[in-house]
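Chemist: One structure follows; several queries about it will come next.
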Amino acid sequence: MKKDKKNGPVESTTISTLLGKDTVIEGVMTFRETVRVDGRIKGKLISADGTVIVGENAVLDADVEVAVAILRGKVNGNVQASQRIEIYAPAEINGDISAPSVAIDSGVVFNGKCNMHPQQIKPFKVIEK
């Protein structure tokens, strides 16, 4: 993630899906690639390889299981990422977070537990000659 001196952090990821501020979803949402949420989601977000970006005005009453989570809005639920979690002000997180790499900006409200586990590395396959 890069920082722009005037506007703060800038995503270097291409957004494949945008859920606008008037969007309301209830249930389980599965996706690939990158999703930006500016609306409300109630339920669960799941993506083994994807990235979720939660905008400043977004509200998630949901558990999140993704590769990368970039959070700026309100999340009421647990967030688990296989690669990293980045939390920027004015985010409010009410739930546990878990990832190999976690970054929390000053000004963030975080109520929960943080578990940082090492990233799982796939074992090399030995090929004999």
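Going by the structure tokens order, chains are called A, B, ..., each with residues numbered from 1, while ligands are numbered from 1 in the order shown.
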Can you tell me which residues surround A:Ala67 at a distance of at most 9 Å, considering only C-alpha atoms, apart from same-chain residues fewer than 4 positions away, and format the answer as an MDAnalysis selection string?

Modeler: chainID A and resid 47:52 80:85 99

Chemist: Any chance you could export the current selection's C-alpha atoms as a compact mmCIF listing (two decimals), in the first residue's frame?

Modeler:
# COMPACT_ATOMS: atom_id res chain seq x y z
CA SER A 47 -12.65 -15.24 -0.55
CA ALA A 48 -9.62 -17.52 -0.36
CA ASP A 49 -7.50 -15.34 -2.66
CA GLY A 50 -9.37 -12.04 -2.74
CA THR A 51 -9.07 -8.60 -1.20
CA VAL A 52 -11.87 -6.69 0.50
CA GLN A 80 -9.47 -13.40 9.34
CA ALA A 81 -6.94 -12.86 6.55
CA SER A 82 -4.45 -15.36 5.18
CA GLN A 83 -2.00 -12.58 4.14
CA ARG A 84 -2.63 -9.26 5.93
CA ILE A 85 -5.04 -6.85 7.57
CA ALA A 99 -3.55 -12.55 10.11

Chemist: What's around A:Asp63 at 12 Å? Count only C-alpha atoms, leave out sequence neighbours fewer than 3 positions away in its own chain, and write the answer as a count of residues only.

Modeler: 27

Chemist: Give me, as number ranges by chain, the residues of stretch 18-119 of chain A that a backbone DSSP run labels strand (DSSP E).

Modeler: A: 18-19, 24-30, 34-37, 40-46, 51-54, 59-71, 74-76, 79-87, 92-94, 97-98, 101-104, 109-111, 114-115

Chemist: Which is closest to A:Ile104 among A:Gly20, A:Pro90, A:Gly39, A:Pro118, if we use only C-alpha atoms?

Modeler: A:Pro90

Chemist: Determine, counting only C-alpha atoms, which protein, DNA and RNA residues have an atom within 9 Å of an atom of A:Thr34; residues of the same chain fewer than 6 positions away are not included. Present the result as a list in words.

Modeler: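 Those residues are Thr13, Thr14, Ile15, Ser16, Thr17, Leu18, Gly50, Thr51, Val52 and Ile53 of chain A.
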
Chemist: Atom CA of A:Arg36 to atom CA of A:Ile70: how many Å, to one decimal?

Modeler: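 Pair atom CA of A:Arg36 / atom CA of A:Ile70 returns 9.3 Å.
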